[in-house]
Amino acid sequence: MENQFRRTFANAERTKGITGEALLVLLERRLDNVAYRLGFASSRADARMLVRHGHILVNGKRFTIPSYFVRAGDVVSVKEQSRQMGRIISALDGAQRRGVPEWAEVDREGFSGRIKILPTRSDITAPINEKLIVELYSK
């Protein structure tokens, strides 16, 4: 959503360093994106739905806010009752082909993953020109 993206951009502007890189790192740290990257969902939209419906836990607590920013050391897991869901099991199987980013580690048997370190710009492989985004939103 536009307002939510503007808010994230404002957070990126307030942080030290390059605004475009900070924006991409903030977007990478969102709970719905982390659930997708760990392999609990087959798409980011699916991950957003899993978070909104309370299937994803952070450090053992249920979070229903997809825009929650995870921190280094956080453990993201699937709720015990949700581990038999076919969509989560098939997403974990499909995620093996996709791979897990360097900044995270996954325990497939335990349906959990840990954020080792915060992601950096070099960890983001999407072909995004963040300078154009900064130019547009700096007006």
# chains A, B, ... in the order shown; residues from 1 in each chain; ligands from 1
call {"tool": "select_by_dssp", "arguments": {"residues": "segment 36-95 of chain A", "states": "helix (DSSP H, G or I)", "output": "mmCIF file with N, CA and C atoms, in the first residue's frame"}}
result
data_model
loop_
_atom_site.group_PDB
_atom_site.id
_atom_site.type_symbol
_atom_site.label_atom_id
_atom_site.label_comp_id
_atom_site.auth_asym_id
_atom_site.auth_seq_id
_atom_site.Cartn_x
_atom_site.Cartn_y
_atom_site.Cartn_z
ATOM 1 N N TYR A 36 8.468 -15.800 3.779
ATOM 2 C CA TYR A 36 8.646 -16.282 2.399
ATOM 3 C C TYR A 36 10.076 -16.763 2.178
ATOM 4 N N ARG A 37 11.059 -15.974 2.604
ATOM 5 C CA ARG A 37 12.465 -16.326 2.391
ATOM 6 C C ARG A 37 12.876 -17.579 3.141
ATOM 7 N N LEU A 38 12.253 -17.830 4.310
ATOM 8 C CA LEU A 38 12.567 -19.044 5.063
ATOM 9 C C LEU A 38 11.891 -20.269 4.458
ATOM 10 N N ARG A 44 5.053 -14.189 -1.627
ATOM 11 C CA ARG A 44 4.973 -13.160 -0.584
ATOM 12 C C ARG A 44 3.524 -12.895 -0.188
ATOM 13 N N ALA A 45 2.606 -12.991 -1.132
ATOM 14 C CA ALA A 45 1.189 -12.811 -0.807
ATOM 15 C C ALA A 45 0.706 -13.940 0.112
ATOM 16 N N ASP A 46 1.155 -15.146 -0.161
ATOM 17 C CA ASP A 46 0.813 -16.289 0.688
ATOM 18 C C ASP A 46 1.413 -16.098 2.087
ATOM 19 N N ALA A 47 2.634 -15.597 2.145
ATOM 20 C CA ALA A 47 3.278 -15.354 3.441
ATOM 21 C C ALA A 47 2.526 -14.285 4.219
ATOM 22 N N ARG A 48 2.064 -13.261 3.523
ATOM 23 C CA ARG A 48 1.288 -12.203 4.179
ATOM 24 C C ARG A 48 0.003 -12.780 4.776
ATOM 25 N N MET A 49 -0.649 -13.671 4.036
ATOM 26 C CA MET A 49 -1.871 -14.295 4.532
ATOM 27 C C MET A 49 -1.581 -15.165 5.752
ATOM 28 N N LEU A 50 -0.486 -15.931 5.720
ATOM 29 C CA LEU A 50 -0.136 -16.774 6.860
ATOM 30 C C LEU A 50 0.123 -15.938 8.109
ATOM 31 N N VAL A 51 0.783 -14.815 7.940
ATOM 32 C CA VAL A 51 1.048 -13.936 9.087
ATOM 33 C C VAL A 51 -0.255 -13.347 9.602
ATOM 34 N N ARG A 52 -1.099 -12.833 8.710
ATOM 35 C CA ARG A 52 -2.369 -12.204 9.131
ATOM 36 C C ARG A 52 -3.287 -13.194 9.855
ATOM 37 N N GLU A 80 2.432 -24.603 16.043
ATOM 38 C CA GLU A 80 2.362 -26.063 16.157
ATOM 39 C C GLU A 80 1.151 -26.641 15.417
ATOM 40 N N GLN A 81 -0.017 -26.036 15.593
ATOM 41 C CA GLN A 81 -1.229 -26.562 14.963
ATOM 42 C C GLN A 81 -1.238 -26.364 13.447
ATOM 43 N N SER A 82 -0.400 -25.470 12.943
ATOM 44 C CA SER A 82 -0.403 -25.157 11.516
ATOM 45 C C SER A 82 0.617 -25.973 10.728
ATOM 46 N N GLY A 86 -1.114 -28.290 4.236
ATOM 47 C CA GLY A 86 -0.513 -28.712 2.981
ATOM 48 C C GLY A 86 0.258 -27.608 2.292
ATOM 49 N N ARG A 87 -0.245 -26.377 2.361
ATOM 50 C CA ARG A 87 0.426 -25.270 1.681
ATOM 51 C C ARG A 87 1.778 -24.968 2.304
ATOM 52 N N ILE A 88 1.934 -25.152 3.611
ATOM 53 C CA ILE A 88 3.217 -24.894 4.271
ATOM 54 C C ILE A 88 4.204 -26.014 3.944
ATOM 55 N N ILE A 89 3.733 -27.259 3.965
ATOM 56 C CA ILE A 89 4.609 -28.395 3.656
ATOM 57 C C ILE A 89 5.100 -28.321 2.214
ATOM 58 N N SER A 90 4.197 -28.005 1.277
ATOM 59 C CA SER A 90 4.613 -27.914 -0.122
ATOM 60 C C SER A 90 5.530 -26.707 -0.346
ATOM 61 N N ALA A 91 5.304 -25.623 0.393
ATOM 62 C CA ALA A 91 6.177 -24.451 0.263
ATOM 63 C C ALA A 91 7.581 -24.768 0.762
ATOM 64 N N LEU A 92 7.691 -25.522 1.843
ATOM 65 C CA LEU A 92 9.011 -25.913 2.346
ATOM 66 C C LEU A 92 9.749 -26.787 1.334
ATOM 67 N N ASP A 93 9.009 -27.675 0.667
ATOM 68 C CA ASP A 93 9.635 -28.512 -0.363
ATOM 69 C C ASP A 93 10.116 -27.662 -1.532
ATOM 70 N N GLY A 94 9.312 -26.690 -1.941
ATOM 71 C CA GLY A 94 9.683 -25.817 -3.047
ATOM 72 C C GLY A 94 10.805 -24.856 -2.690
ATOM 73 N N ALA A 95 10.935 -24.534 -1.433
ATOM 74 C CA ALA A 95 11.959 -23.577 -1.007
ATOM 75 C C ALA A 95 13.363 -24.165 -1.091
#
call {"tool": "select_by_dssp", "arguments": {"residues": "chain A", "states": "strand (DSSP E or B)", "output": "PyMOL selection string"}}
result
chain A and resi 30+56-58+61-62+69+75-78+104-107+112-115
call {"tool": "atom_distance", "arguments": {"atom1": "atom CA of Leu24 of chain A", "atom2": "atom CA of Arg121 of chain A"}}
result
7.0 Å
call {"tool": "closest_residue", "arguments": {"among": "A:Ile18, A:Ser112, A:Asn3, A:Ile124", "to": "Gly60 of chain A", "atoms": "only C-alpha atoms"}}
result
A:Ser112
call {"tool": "residues_around", "arguments": {"residues": "Ile128 of chain A", "least_positions_apart": "4", "cutoff": "12 Å", "atoms": "only C-alpha atoms", "output": "list in words"}}
result
Gly20, Glu21, Leu23, Leu24, Arg121, Ser122, Ile124, Leu132, Ile133 and Val134 of chain A
call {"tool": "write_last_selection", "arguments": {"atoms": "C-alpha atoms", "output": "JSON list (two decimals), in the first residue's frame"}}
result
[["chain", "number", "residue", "atom", "x", "y", "z"],
["A", 20, "GLY", "CA", 17.96, 3.48, -0.98],
["A", 21, "GLU", "CA", 19.94, 0.69, 0.61],
["A", 23, "LEU", "CA", 14.86, 1.07, 2.29],
["A", 24, "LEU", "CA", 15.64, -2.28, 0.67],
["A", 121, "ARG", "CA", 22.18, -4.63, 0.15],
["A", 122, "SER", "CA", 24.51, -7.28, -1.25],
["A", 124, "ILE", "CA", 19.24, -8.68, -1.96],
["A", 132, "LEU", "CA", 14.96, 5.77, -8.86],
["A", 133, "ILE", "CA", 12.72, 5.00, -5.87],
["A", 134, "VAL", "CA", 14.56, 7.54, -3.72]]
